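final.txt follows; it contains compact mmCIF, N, CA and C atoms.
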# COMPACT_ATOMS: atom_id res chain seq x y z
N MET A 1 -10.52 -15.38 -44.68
CA MET A 1 -10.57 -14.81 -43.35
C MET A 1 -11.13 -15.85 -42.39
N SER A 2 -10.47 -16.02 -41.28
CA SER A 2 -10.87 -17.02 -40.30
C SER A 2 -12.11 -16.56 -39.53
N LYS A 3 -12.94 -17.52 -39.17
CA LYS A 3 -14.14 -17.19 -38.40
C LYS A 3 -13.82 -17.11 -36.90
N GLN A 4 -12.63 -17.57 -36.52
CA GLN A 4 -12.24 -17.45 -35.11
C GLN A 4 -11.89 -16.02 -34.80
N HIS A 5 -12.37 -15.54 -33.65
CA HIS A 5 -12.12 -14.16 -33.28
C HIS A 5 -11.77 -14.11 -31.79
N PHE A 6 -10.61 -13.63 -31.47
CA PHE A 6 -10.17 -13.54 -30.09
C PHE A 6 -10.17 -12.08 -29.64
N THR A 7 -10.67 -11.84 -28.46
CA THR A 7 -10.65 -10.49 -27.92
C THR A 7 -9.97 -10.51 -26.56
N THR A 8 -9.35 -9.43 -26.24
CA THR A 8 -8.70 -9.29 -24.94
C THR A 8 -9.76 -9.01 -23.88
N LYS A 9 -9.66 -9.71 -22.78
CA LYS A 9 -10.61 -9.50 -21.69
C LYS A 9 -10.14 -8.32 -20.84
N HIS A 10 -11.02 -7.35 -20.65
CA HIS A 10 -10.74 -6.21 -19.81
C HIS A 10 -11.58 -6.31 -18.55
N ALA A 11 -10.96 -5.97 -17.42
CA ALA A 11 -11.67 -6.00 -16.15
C ALA A 11 -12.56 -4.77 -16.02
N ASN A 12 -13.62 -4.90 -15.24
CA ASN A 12 -14.42 -3.76 -14.84
C ASN A 12 -14.85 -3.98 -13.39
N GLU A 13 -15.54 -3.02 -12.81
CA GLU A 13 -15.88 -3.11 -11.39
C GLU A 13 -16.72 -4.34 -11.07
N ALA A 14 -17.53 -4.80 -12.02
CA ALA A 14 -18.40 -5.95 -11.77
C ALA A 14 -17.63 -7.27 -11.78
N THR A 15 -16.53 -7.35 -12.53
CA THR A 15 -15.80 -8.61 -12.67
C THR A 15 -14.63 -8.75 -11.71
N VAL A 16 -14.25 -7.68 -11.02
CA VAL A 16 -13.09 -7.75 -10.13
C VAL A 16 -13.47 -8.43 -8.82
N GLN A 17 -12.65 -9.40 -8.42
CA GLN A 17 -12.84 -10.05 -7.12
C GLN A 17 -11.66 -9.65 -6.25
N ARG A 18 -11.98 -9.06 -5.10
CA ARG A 18 -10.93 -8.55 -4.21
C ARG A 18 -10.76 -9.47 -3.00
N ASN A 19 -9.51 -9.72 -2.65
CA ASN A 19 -9.17 -10.52 -1.48
C ASN A 19 -8.58 -9.61 -0.41
N TRP A 20 -8.50 -10.11 0.80
CA TRP A 20 -7.88 -9.39 1.92
C TRP A 20 -6.62 -10.15 2.31
N TYR A 21 -5.52 -9.40 2.52
CA TYR A 21 -4.25 -9.98 2.93
C TYR A 21 -3.71 -9.26 4.16
N VAL A 22 -3.00 -10.01 4.99
CA VAL A 22 -2.32 -9.44 6.16
C VAL A 22 -0.83 -9.58 5.93
N VAL A 23 -0.10 -8.48 6.15
CA VAL A 23 1.36 -8.48 6.04
C VAL A 23 1.93 -8.14 7.41
N ASP A 24 2.86 -8.96 7.88
CA ASP A 24 3.52 -8.69 9.15
C ASP A 24 4.80 -7.92 8.85
N GLY A 25 4.92 -6.72 9.42
CA GLY A 25 6.06 -5.86 9.13
C GLY A 25 7.29 -6.13 9.97
N THR A 26 7.29 -7.16 10.80
CA THR A 26 8.41 -7.44 11.69
C THR A 26 9.67 -7.75 10.88
N ASN A 27 10.72 -6.98 11.11
CA ASN A 27 12.04 -7.14 10.46
C ASN A 27 11.98 -7.07 8.94
N GLN A 28 11.01 -6.37 8.39
CA GLN A 28 10.93 -6.17 6.94
C GLN A 28 11.57 -4.83 6.58
N THR A 29 12.26 -4.79 5.45
CA THR A 29 12.81 -3.55 4.95
C THR A 29 11.67 -2.75 4.30
N VAL A 30 11.57 -1.47 4.66
CA VAL A 30 10.42 -0.66 4.27
C VAL A 30 10.23 -0.60 2.76
N GLY A 31 11.25 -0.25 2.01
CA GLY A 31 11.10 -0.07 0.57
C GLY A 31 10.73 -1.34 -0.17
N ARG A 32 11.35 -2.44 0.20
CA ARG A 32 11.07 -3.71 -0.46
C ARG A 32 9.66 -4.19 -0.16
N MET A 33 9.26 -4.06 1.08
CA MET A 33 7.91 -4.48 1.48
C MET A 33 6.86 -3.59 0.81
N CYS A 34 7.08 -2.28 0.81
CA CYS A 34 6.09 -1.35 0.28
C CYS A 34 5.95 -1.46 -1.23
N SER A 35 7.01 -1.78 -1.94
CA SER A 35 6.89 -1.94 -3.38
C SER A 35 6.03 -3.15 -3.73
N ARG A 36 6.14 -4.22 -2.96
CA ARG A 36 5.29 -5.39 -3.18
C ARG A 36 3.84 -5.08 -2.81
N ILE A 37 3.65 -4.32 -1.72
CA ILE A 37 2.29 -3.94 -1.31
C ILE A 37 1.64 -3.06 -2.38
N ALA A 38 2.40 -2.11 -2.93
CA ALA A 38 1.86 -1.22 -3.96
C ALA A 38 1.45 -2.00 -5.21
N ALA A 39 2.22 -3.01 -5.57
CA ALA A 39 1.88 -3.82 -6.74
C ALA A 39 0.58 -4.59 -6.51
N ILE A 40 0.37 -5.08 -5.30
CA ILE A 40 -0.86 -5.82 -5.00
C ILE A 40 -2.05 -4.87 -4.93
N LEU A 41 -1.84 -3.66 -4.38
CA LEU A 41 -2.93 -2.66 -4.35
C LEU A 41 -3.36 -2.26 -5.76
N ARG A 42 -2.42 -2.24 -6.69
CA ARG A 42 -2.74 -1.90 -8.08
C ARG A 42 -3.39 -3.08 -8.81
N GLY A 43 -3.13 -4.30 -8.35
CA GLY A 43 -3.67 -5.48 -9.01
C GLY A 43 -2.72 -6.11 -9.99
N LYS A 44 -1.45 -5.76 -9.91
CA LYS A 44 -0.47 -6.28 -10.87
C LYS A 44 -0.20 -7.77 -10.70
N ASN A 45 -0.62 -8.34 -9.56
CA ASN A 45 -0.39 -9.76 -9.33
C ASN A 45 -1.50 -10.62 -9.95
N LYS A 46 -2.46 -10.01 -10.61
CA LYS A 46 -3.57 -10.75 -11.20
C LYS A 46 -3.45 -10.80 -12.72
N ALA A 47 -3.97 -11.87 -13.30
CA ALA A 47 -3.93 -12.03 -14.75
C ALA A 47 -4.88 -11.05 -15.44
N ILE A 48 -5.89 -10.58 -14.72
CA ILE A 48 -6.90 -9.70 -15.31
C ILE A 48 -6.54 -8.23 -15.12
N TYR A 49 -5.30 -7.92 -14.76
CA TYR A 49 -4.87 -6.53 -14.52
C TYR A 49 -5.21 -5.65 -15.71
N THR A 50 -5.86 -4.54 -15.42
CA THR A 50 -6.21 -3.54 -16.43
C THR A 50 -5.77 -2.19 -15.88
N PRO A 51 -4.96 -1.42 -16.61
CA PRO A 51 -4.40 -0.19 -16.05
C PRO A 51 -5.42 0.86 -15.63
N HIS A 52 -6.57 0.93 -16.31
CA HIS A 52 -7.53 1.98 -16.00
C HIS A 52 -8.62 1.54 -15.03
N VAL A 53 -8.49 0.34 -14.45
CA VAL A 53 -9.49 -0.18 -13.50
C VAL A 53 -8.76 -0.57 -12.22
N ASP A 54 -9.38 -0.29 -11.08
CA ASP A 54 -8.81 -0.67 -9.79
C ASP A 54 -9.07 -2.15 -9.56
N THR A 55 -8.08 -3.01 -9.87
CA THR A 55 -8.23 -4.46 -9.75
C THR A 55 -7.52 -4.99 -8.51
N GLY A 56 -7.02 -4.12 -7.65
CA GLY A 56 -6.20 -4.55 -6.53
C GLY A 56 -6.97 -5.12 -5.36
N ASP A 57 -6.21 -5.70 -4.43
CA ASP A 57 -6.74 -6.32 -3.22
C ASP A 57 -6.54 -5.40 -2.03
N TYR A 58 -7.17 -5.77 -0.92
CA TYR A 58 -7.02 -5.04 0.34
C TYR A 58 -5.80 -5.57 1.08
N ILE A 59 -5.03 -4.66 1.69
CA ILE A 59 -3.83 -5.04 2.43
C ILE A 59 -3.93 -4.48 3.84
N ILE A 60 -3.65 -5.32 4.83
CA ILE A 60 -3.56 -4.92 6.23
C ILE A 60 -2.12 -5.14 6.66
N VAL A 61 -1.47 -4.10 7.17
CA VAL A 61 -0.09 -4.22 7.65
C VAL A 61 -0.13 -4.12 9.17
N ILE A 62 0.42 -5.14 9.84
CA ILE A 62 0.50 -5.11 11.30
C ILE A 62 1.98 -5.05 11.72
N ASN A 63 2.21 -4.70 12.96
CA ASN A 63 3.57 -4.56 13.53
C ASN A 63 4.41 -3.59 12.72
N CYS A 64 3.83 -2.46 12.34
CA CYS A 64 4.55 -1.50 11.51
C CYS A 64 5.66 -0.79 12.30
N GLU A 65 5.62 -0.85 13.62
CA GLU A 65 6.67 -0.21 14.42
C GLU A 65 7.96 -1.04 14.42
N LYS A 66 7.91 -2.27 13.88
CA LYS A 66 9.08 -3.15 13.88
C LYS A 66 9.78 -3.22 12.52
N VAL A 67 9.37 -2.36 11.57
CA VAL A 67 10.04 -2.36 10.27
C VAL A 67 11.41 -1.71 10.40
N LYS A 68 12.26 -1.97 9.41
CA LYS A 68 13.60 -1.39 9.45
C LYS A 68 13.91 -0.71 8.13
N LEU A 69 14.81 0.23 8.19
CA LEU A 69 15.31 0.91 7.00
C LEU A 69 16.74 0.46 6.78
N SER A 70 17.17 0.36 5.54
CA SER A 70 18.52 -0.09 5.26
C SER A 70 19.52 1.05 5.47
N GLY A 71 20.73 0.69 5.74
CA GLY A 71 21.80 1.68 5.91
C GLY A 71 21.57 2.52 7.15
N SER A 72 21.91 3.79 7.05
CA SER A 72 21.74 4.70 8.19
C SER A 72 20.57 5.65 7.97
N LYS A 73 19.56 5.19 7.20
CA LYS A 73 18.41 6.04 6.90
C LYS A 73 17.58 6.35 8.13
N MET A 74 17.60 5.49 9.13
CA MET A 74 16.79 5.73 10.32
C MET A 74 17.16 7.05 10.99
N ASP A 75 18.42 7.44 10.91
CA ASP A 75 18.86 8.71 11.50
C ASP A 75 18.98 9.83 10.48
N GLN A 76 19.17 9.50 9.19
CA GLN A 76 19.43 10.52 8.18
C GLN A 76 18.22 10.89 7.34
N LYS A 77 17.27 9.97 7.16
CA LYS A 77 16.10 10.27 6.33
C LYS A 77 15.21 11.27 7.06
N VAL A 78 14.79 12.31 6.33
CA VAL A 78 13.99 13.38 6.92
C VAL A 78 12.63 13.43 6.23
N TYR A 79 11.59 13.45 7.03
CA TYR A 79 10.22 13.60 6.52
C TYR A 79 9.78 15.04 6.75
N ASP A 80 9.28 15.70 5.69
CA ASP A 80 8.84 17.09 5.77
C ASP A 80 7.32 17.15 5.80
N THR A 81 6.79 18.09 6.55
CA THR A 81 5.38 18.44 6.47
C THR A 81 5.30 19.95 6.34
N TYR A 82 4.31 20.40 5.61
CA TYR A 82 4.17 21.83 5.39
C TYR A 82 2.71 22.21 5.57
N SER A 83 2.44 23.17 6.45
CA SER A 83 1.07 23.56 6.77
C SER A 83 0.46 24.49 5.72
N GLY A 84 1.28 25.12 4.91
CA GLY A 84 0.79 26.07 3.92
C GLY A 84 0.99 27.51 4.35
N TYR A 85 1.37 27.71 5.58
CA TYR A 85 1.62 29.06 6.10
C TYR A 85 3.11 29.37 6.07
N PRO A 86 3.48 30.64 6.03
CA PRO A 86 4.90 31.00 6.08
C PRO A 86 5.52 30.49 7.39
N GLY A 87 6.63 29.82 7.26
CA GLY A 87 7.29 29.26 8.43
C GLY A 87 6.62 28.01 8.95
N GLY A 88 5.73 27.40 8.17
CA GLY A 88 4.99 26.24 8.62
C GLY A 88 5.59 24.92 8.21
N ARG A 89 6.87 24.90 7.87
CA ARG A 89 7.53 23.67 7.46
C ARG A 89 8.15 23.00 8.68
N LYS A 90 7.87 21.70 8.85
CA LYS A 90 8.43 20.95 9.97
C LYS A 90 9.19 19.76 9.42
N GLU A 91 10.31 19.45 10.04
CA GLU A 91 11.12 18.31 9.64
C GLU A 91 11.19 17.33 10.80
N GLU A 92 11.26 16.03 10.46
CA GLU A 92 11.34 15.00 11.48
C GLU A 92 12.12 13.82 10.90
N THR A 93 13.05 13.27 11.67
CA THR A 93 13.81 12.12 11.20
C THR A 93 12.95 10.87 11.27
N ALA A 94 13.38 9.84 10.57
CA ALA A 94 12.61 8.60 10.52
C ALA A 94 12.52 7.95 11.89
N SER A 95 13.58 8.03 12.68
CA SER A 95 13.54 7.42 14.01
C SER A 95 12.54 8.12 14.93
N ASP A 96 12.48 9.47 14.85
CA ASP A 96 11.49 10.20 15.65
C ASP A 96 10.07 9.91 15.19
N LEU A 97 9.87 9.83 13.87
CA LEU A 97 8.54 9.56 13.33
C LEU A 97 8.08 8.15 13.69
N GLN A 98 9.02 7.21 13.73
CA GLN A 98 8.66 5.84 14.06
C GLN A 98 8.24 5.72 15.53
N LYS A 99 8.84 6.53 16.37
CA LYS A 99 8.43 6.52 17.78
C LYS A 99 7.06 7.18 17.97
N ARG A 100 6.82 8.26 17.23
CA ARG A 100 5.59 9.03 17.42
C ARG A 100 4.41 8.43 16.67
N ARG A 101 4.56 8.16 15.37
CA ARG A 101 3.48 7.62 14.53
C ARG A 101 4.07 6.62 13.54
N PRO A 102 4.25 5.36 13.94
CA PRO A 102 4.93 4.38 13.07
C PRO A 102 4.17 4.05 11.79
N GLU A 103 2.85 4.27 11.76
CA GLU A 103 2.08 3.94 10.56
C GLU A 103 2.44 4.83 9.39
N VAL A 104 2.84 6.06 9.67
CA VAL A 104 3.05 7.06 8.62
C VAL A 104 4.19 6.67 7.68
N ILE A 105 5.20 6.01 8.19
CA ILE A 105 6.35 5.63 7.36
C ILE A 105 5.89 4.71 6.22
N ILE A 106 5.09 3.70 6.54
CA ILE A 106 4.62 2.77 5.52
C ILE A 106 3.57 3.44 4.62
N GLU A 107 2.67 4.21 5.21
CA GLU A 107 1.63 4.87 4.41
C GLU A 107 2.24 5.81 3.37
N ARG A 108 3.22 6.60 3.77
CA ARG A 108 3.83 7.54 2.83
C ARG A 108 4.65 6.82 1.77
N ALA A 109 5.32 5.73 2.15
CA ALA A 109 6.11 4.98 1.17
C ALA A 109 5.21 4.35 0.11
N VAL A 110 4.11 3.75 0.53
CA VAL A 110 3.20 3.11 -0.43
C VAL A 110 2.51 4.17 -1.29
N LYS A 111 2.09 5.27 -0.69
CA LYS A 111 1.40 6.31 -1.44
C LYS A 111 2.28 6.88 -2.54
N GLY A 112 3.57 6.98 -2.29
CA GLY A 112 4.48 7.48 -3.30
C GLY A 112 4.69 6.52 -4.46
N MET A 113 4.33 5.25 -4.27
CA MET A 113 4.50 4.24 -5.31
C MET A 113 3.23 3.99 -6.13
N LEU A 114 2.14 4.66 -5.78
CA LEU A 114 0.88 4.50 -6.49
C LEU A 114 0.70 5.63 -7.49
N PRO A 115 -0.20 5.47 -8.48
CA PRO A 115 -0.45 6.55 -9.44
C PRO A 115 -0.96 7.81 -8.76
N LYS A 116 -0.60 8.95 -9.32
CA LYS A 116 -1.00 10.25 -8.75
C LYS A 116 -2.24 10.77 -9.48
N ASN A 117 -3.37 10.09 -9.27
CA ASN A 117 -4.63 10.51 -9.89
C ASN A 117 -5.78 9.93 -9.08
N ARG A 118 -7.00 10.05 -9.59
CA ARG A 118 -8.18 9.56 -8.88
C ARG A 118 -8.08 8.06 -8.59
N LEU A 119 -7.57 7.33 -9.56
CA LEU A 119 -7.45 5.89 -9.41
C LEU A 119 -6.46 5.53 -8.30
N GLY A 120 -5.34 6.27 -8.24
CA GLY A 120 -4.36 6.04 -7.18
C GLY A 120 -4.91 6.33 -5.80
N ARG A 121 -5.72 7.38 -5.68
CA ARG A 121 -6.35 7.69 -4.40
C ARG A 121 -7.34 6.61 -3.98
N LYS A 122 -8.01 6.03 -4.95
CA LYS A 122 -8.94 4.94 -4.65
C LYS A 122 -8.17 3.69 -4.21
N MET A 123 -7.03 3.42 -4.83
CA MET A 123 -6.21 2.27 -4.45
C MET A 123 -5.65 2.44 -3.04
N TYR A 124 -5.26 3.66 -2.72
CA TYR A 124 -4.65 3.94 -1.42
C TYR A 124 -5.62 3.68 -0.26
N LYS A 125 -6.91 3.83 -0.52
CA LYS A 125 -7.91 3.62 0.52
C LYS A 125 -8.05 2.15 0.91
N LYS A 126 -7.45 1.24 0.14
CA LYS A 126 -7.51 -0.18 0.47
C LYS A 126 -6.34 -0.63 1.33
N LEU A 127 -5.53 0.32 1.80
CA LEU A 127 -4.39 0.01 2.66
C LEU A 127 -4.74 0.37 4.10
N PHE A 128 -4.50 -0.56 5.02
CA PHE A 128 -4.76 -0.35 6.44
C PHE A 128 -3.49 -0.71 7.20
N VAL A 129 -2.93 0.25 7.95
CA VAL A 129 -1.67 0.04 8.65
C VAL A 129 -1.91 0.20 10.14
N TYR A 130 -1.42 -0.76 10.93
CA TYR A 130 -1.62 -0.74 12.38
C TYR A 130 -0.32 -1.04 13.10
N ALA A 131 -0.09 -0.31 14.18
CA ALA A 131 1.00 -0.61 15.10
C ALA A 131 0.49 -1.70 16.03
N GLY A 132 1.30 -2.68 16.30
CA GLY A 132 0.85 -3.79 17.14
C GLY A 132 0.43 -4.97 16.29
N GLY A 133 0.17 -6.08 16.94
CA GLY A 133 -0.12 -7.32 16.24
C GLY A 133 -1.58 -7.59 15.98
N THR A 134 -2.48 -6.68 16.35
CA THR A 134 -3.91 -6.91 16.14
C THR A 134 -4.48 -5.91 15.16
N HIS A 135 -5.61 -6.29 14.56
CA HIS A 135 -6.32 -5.39 13.64
C HIS A 135 -7.82 -5.68 13.75
N PRO A 136 -8.67 -4.72 13.39
CA PRO A 136 -10.12 -4.91 13.53
C PRO A 136 -10.80 -5.55 12.32
N HIS A 137 -10.05 -6.17 11.41
CA HIS A 137 -10.62 -6.70 10.17
C HIS A 137 -10.71 -8.23 10.18
N ILE A 138 -10.96 -8.81 11.34
CA ILE A 138 -11.04 -10.27 11.46
C ILE A 138 -12.21 -10.82 10.64
N ALA A 139 -13.30 -10.06 10.55
CA ALA A 139 -14.50 -10.53 9.85
C ALA A 139 -14.25 -10.76 8.36
N GLN A 140 -13.26 -10.10 7.79
CA GLN A 140 -12.96 -10.27 6.36
C GLN A 140 -12.13 -11.52 6.09
N GLN A 141 -11.70 -12.21 7.12
CA GLN A 141 -10.90 -13.44 7.02
C GLN A 141 -9.70 -13.26 6.09
N PRO A 142 -8.78 -12.33 6.43
CA PRO A 142 -7.63 -12.09 5.55
C PRO A 142 -6.65 -13.25 5.55
N LYS A 143 -6.02 -13.43 4.40
CA LYS A 143 -4.99 -14.47 4.27
C LYS A 143 -3.64 -13.86 4.60
N GLU A 144 -2.74 -14.67 5.14
CA GLU A 144 -1.41 -14.15 5.47
C GLU A 144 -0.57 -14.11 4.20
N LEU A 145 0.15 -13.00 4.03
CA LEU A 145 0.97 -12.81 2.85
C LEU A 145 2.43 -12.75 3.29
N LYS A 146 3.26 -13.66 2.77
CA LYS A 146 4.68 -13.72 3.12
C LYS A 146 5.51 -13.17 1.98
N PHE A 147 6.52 -12.41 2.34
CA PHE A 147 7.46 -11.91 1.33
C PHE A 147 8.79 -12.60 1.50
Would you encode the structure as structure tokens?
Amino acid sequence: MSKQHFTTKHANEATVQRNWYVVDGTNQTVGRMCSRIAAILRGKNKAIYTPHVDTGDYIIVINCEKVKLSGSKMDQKVYDTYSGYPGGRKEETASDLQKRRPEVIIERAVKGMLPKNRLGRKMYKKLFVYAGGTHPHIAQQPKELKF
């Protein structure tokens, strides 16, 4: 029996180092951009990725009102909200939602790509989406992320 013993390194909250990234949403396709963002929020881009630990980084998305959807989804895709009361269901097309609240399109797309549990909710809190080219996270010195 060999005296050499190798063990797999698992991440924990003390060993995870988180970075801040800025993503410019100008002329980006929503699904392609959001799938990459979700992978970074989960920490899949790191060698120390551990499924049961939140190893992801912080993401800031700016210019979210300038994203595009492929095909004719801008007019055909429908977003539903439901208040919980009878007759409380509201529908809104993607073009109307983008005019009213452009952040919601990216937030909902990324949230649907994250795990549906406590860990996924914790990962989702590291996403910050802003309409316009400015954000209040200058102190964190985020790096620009290009797709």
| Option closest in space to Met33 (chain A), from A:Glu144, A:Ser95, A:Lys68, A:Lys46 [counting only C-alpha atoms] | A:Lys68
| task | Tell me, as a list of chain:residue names, which residues lie within 12 Å of region 83-92 of chain A, counting only C-alpha atoms; anything in the same chain fewer than 6 positions away does not count. | result |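 Residues meeting the cut-off are A:Met74, A:Asp75, A:Gln76, A:Lys77, A:Gln98, A:Lys99, A:Arg100, A:Arg101, A:Val104, A:Ile105.
Relative to atom N of Ile48 (chain A), CA of Thr7 (chain A) is found at 14.0 Å.
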| request: Could you check which of A:Tyr130, A:Phe6, A:Tyr49, A:Tyr58 is closest to Asn19 (chain A), using all atoms listed in the file? | output: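 Closest to Asn19 (chain A) of all the choices is A:Tyr58.
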| request: Could you give me, as a VMD selection string, each residue of region 27-79 of chain A that DSSP assigns to helix (DSSP H, G or I) when run on this structure's backbone? | output: chain A and resid 30 to 42 64 to 66 73 to 76
| query | Any idea what's packed within 6.5 Å of region 108-120 of chain A, counting only N, CA and C atoms, ignoring anything in its chain fewer than 5 positions away? Could you give it as a list in words? | reply | Cys34, Ser35, Ala38, Glu103 and Lys125 of chain A
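With all atoms listed in the file as the atoms that count, the minimum distance from Gln17 (chain A) to the choices A:Gln140, A:Ile106, A:Thr55, A:Leu41 is reached by A:Thr55.
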| message | Given only C-alpha atoms as the basis, pick out the residue of A:Lys143, A:Lys73, A:Asn27, A:Trp20 nearest to Lys126 (chain A). | response |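 Ranking A:Lys143, A:Lys73, A:Asn27, A:Trp20 by distance to Lys126 (chain A), first place goes to A:Trp20.
Using only C-alpha atoms, the shortest contact distance between Tyr79 (chain A) and any of A:His135, A:Lys66, A:Thr93, A:Asp54 is found at A:Thr93.
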| A:Ile40, A:Pro102, A:Lys3, A:Ile60: which is nearest Val22 (chain A), counting only N, CA and C atoms? |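 Answer, going by the shortest atom-to-atom distance: A:Ile60.
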| Between atom C of Leu127 (chain A) and CA of Ile59 (chain A), distance in Å (one decimal) |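 Value for the atom C of Leu127 (chain A)-CA of Ile59 (chain A) distance: 5.7 Å.
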Completion of region 106-124 of chain A up to N, CA, C and O atoms, as a PDB file, in the frame of the given file:
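Dumped everything to result-v6.pdb:
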ATOM      1  N   ILE A 106       5.090   3.700   6.540  1.00  0.00           N
ATOM      2  CA  ILE A 106       4.620   2.770   5.520  1.00  0.00           C
ATOM      3  C   ILE A 106       3.570   3.440   4.620  1.00  0.00           C
ATOM      4  O   ILE A 106       3.603   3.268   3.402  1.00  0.00           O
ATOM      5  N   GLU A 107       2.670   4.210   5.210  1.00  0.00           N
ATOM      6  CA  GLU A 107       1.630   4.870   4.410  1.00  0.00           C
ATOM      7  C   GLU A 107       2.240   5.810   3.370  1.00  0.00           C
ATOM      8  O   GLU A 107       1.834   5.804   2.206  1.00  0.00           O
ATOM      9  N   ARG A 108       3.220   6.600   3.770  1.00  0.00           N
ATOM     10  CA  ARG A 108       3.830   7.540   2.830  1.00  0.00           C
ATOM     11  C   ARG A 108       4.650   6.820   1.770  1.00  0.00           C
ATOM     12  O   ARG A 108       4.688   7.252   0.603  1.00  0.00           O
ATOM     13  N   ALA A 109       5.320   5.730   2.150  1.00  0.00           N
ATOM     14  CA  ALA A 109       6.110   4.980   1.170  1.00  0.00           C
ATOM     15  C   ALA A 109       5.210   4.350   0.110  1.00  0.00           C
ATOM     16  O   ALA A 109       5.513   4.432  -1.085  1.00  0.00           O
ATOM     17  N   VAL A 110       4.110   3.750   0.530  1.00  0.00           N
ATOM     18  CA  VAL A 110       3.200   3.110  -0.430  1.00  0.00           C
ATOM     19  C   VAL A 110       2.510   4.170  -1.290  1.00  0.00           C
ATOM     20  O   VAL A 110       2.368   3.994  -2.503  1.00  0.00           O
ATOM     21  N   LYS A 111       2.090   5.270  -0.690  1.00  0.00           N
ATOM     22  CA  LYS A 111       1.400   6.310  -1.440  1.00  0.00           C
ATOM     23  C   LYS A 111       2.280   6.880  -2.540  1.00  0.00           C
ATOM     24  O   LYS A 111       1.800   7.207  -3.632  1.00  0.00           O
ATOM     25  N   GLY A 112       3.570   6.980  -2.290  1.00  0.00           N
ATOM     26  CA  GLY A 112       4.480   7.480  -3.300  1.00  0.00           C
ATOM     27  C   GLY A 112       4.690   6.520  -4.460  1.00  0.00           C
ATOM     28  O   GLY A 112       5.188   6.915  -5.513  1.00  0.00           O
ATOM     29  N   MET A 113       4.330   5.250  -4.270  1.00  0.00           N
ATOM     30  CA  MET A 113       4.500   4.240  -5.310  1.00  0.00           C
ATOM     31  C   MET A 113       3.230   3.990  -6.130  1.00  0.00           C
ATOM     32  O   MET A 113       3.241   3.194  -7.053  1.00  0.00           O
ATOM     33  N   LEU A 114       2.140   4.660  -5.780  1.00  0.00           N
ATOM     34  CA  LEU A 114       0.880   4.500  -6.490  1.00  0.00           C
ATOM     35  C   LEU A 114       0.700   5.630  -7.490  1.00  0.00           C
ATOM     36  O   LEU A 114       1.352   6.667  -7.389  1.00  0.00           O
ATOM     37  N   PRO A 115      -0.200   5.470  -8.480  1.00  0.00           N
ATOM     38  CA  PRO A 115      -0.450   6.550  -9.440  1.00  0.00           C
ATOM     39  C   PRO A 115      -0.960   7.810  -8.760  1.00  0.00           C
ATOM     40  O   PRO A 115      -1.646   7.745  -7.748  1.00  0.00           O
ATOM     41  N   LYS A 116      -0.600   8.950  -9.320  1.00  0.00           N
ATOM     42  CA  LYS A 116      -1.000  10.250  -8.750  1.00  0.00           C
ATOM     43  C   LYS A 116      -2.240  10.770  -9.480  1.00  0.00           C
ATOM     44  O   LYS A 116      -2.199  11.733 -10.220  1.00  0.00           O
ATOM     45  N   ASN A 117      -3.370  10.090  -9.270  1.00  0.00           N
ATOM     46  CA  ASN A 117      -4.630  10.510  -9.890  1.00  0.00           C
ATOM     47  C   ASN A 117      -5.780   9.930  -9.080  1.00  0.00           C
ATOM     48  O   ASN A 117      -5.585   9.385  -8.002  1.00  0.00           O
ATOM     49  N   ARG A 118      -7.000  10.050  -9.590  1.00  0.00           N
ATOM     50  CA  ARG A 118      -8.180   9.560  -8.880  1.00  0.00           C
ATOM     51  C   ARG A 118      -8.080   8.060  -8.590  1.00  0.00           C
ATOM     52  O   ARG A 118      -8.490   7.595  -7.531  1.00  0.00           O
ATOM     53  N   LEU A 119      -7.570   7.330  -9.560  1.00  0.00           N
ATOM     54  CA  LEU A 119      -7.450   5.890  -9.410  1.00  0.00           C
ATOM     55  C   LEU A 119      -6.460   5.530  -8.300  1.00  0.00           C
ATOM     56  O   LEU A 119      -6.696   4.626  -7.504  1.00  0.00           O
ATOM     57  N   GLY A 120      -5.340   6.270  -8.240  1.00  0.00           N
ATOM     58  CA  GLY A 120      -4.360   6.040  -7.180  1.00  0.00           C
ATOM     59  C   GLY A 120      -4.910   6.330  -5.800  1.00  0.00           C
ATOM     60  O   GLY A 120      -4.623   5.622  -4.836  1.00  0.00           O
ATOM     61  N   ARG A 121      -5.720   7.380  -5.680  1.00  0.00           N
ATOM     62  CA  ARG A 121      -6.350   7.690  -4.400  1.00  0.00           C
ATOM     63  C   ARG A 121      -7.340   6.610  -3.980  1.00  0.00           C
ATOM     64  O   ARG A 121      -7.455   6.278  -2.803  1.00  0.00           O
ATOM     65  N   LYS A 122      -8.010   6.030  -4.950  1.00  0.00           N
ATOM     66  CA  LYS A 122      -8.940   4.940  -4.650  1.00  0.00           C
ATOM     67  C   LYS A 122      -8.170   3.690  -4.210  1.00  0.00           C
ATOM     68  O   LYS A 122      -8.606   2.981  -3.298  1.00  0.00           O
ATOM     69  N   MET A 123      -7.030   3.420  -4.830  1.00  0.00           N
ATOM     70  CA  MET A 123      -6.210   2.270  -4.450  1.00  0.00           C
ATOM     71  C   MET A 123      -5.650   2.440  -3.040  1.00  0.00           C
ATOM     72  O   MET A 123      -5.569   1.476  -2.277  1.00  0.00           O
ATOM     73  N   TYR A 124      -5.260   3.660  -2.720  1.00  0.00           N
ATOM     74  CA  TYR A 124      -4.650   3.940  -1.420  1.00  0.00           C
ATOM     75  C   TYR A 124      -5.620   3.680  -0.260  1.00  0.00           C
ATOM     76  O   TYR A 124      -5.208   3.312   0.832  1.00  0.00           O
TER      77      TYR A 124
END
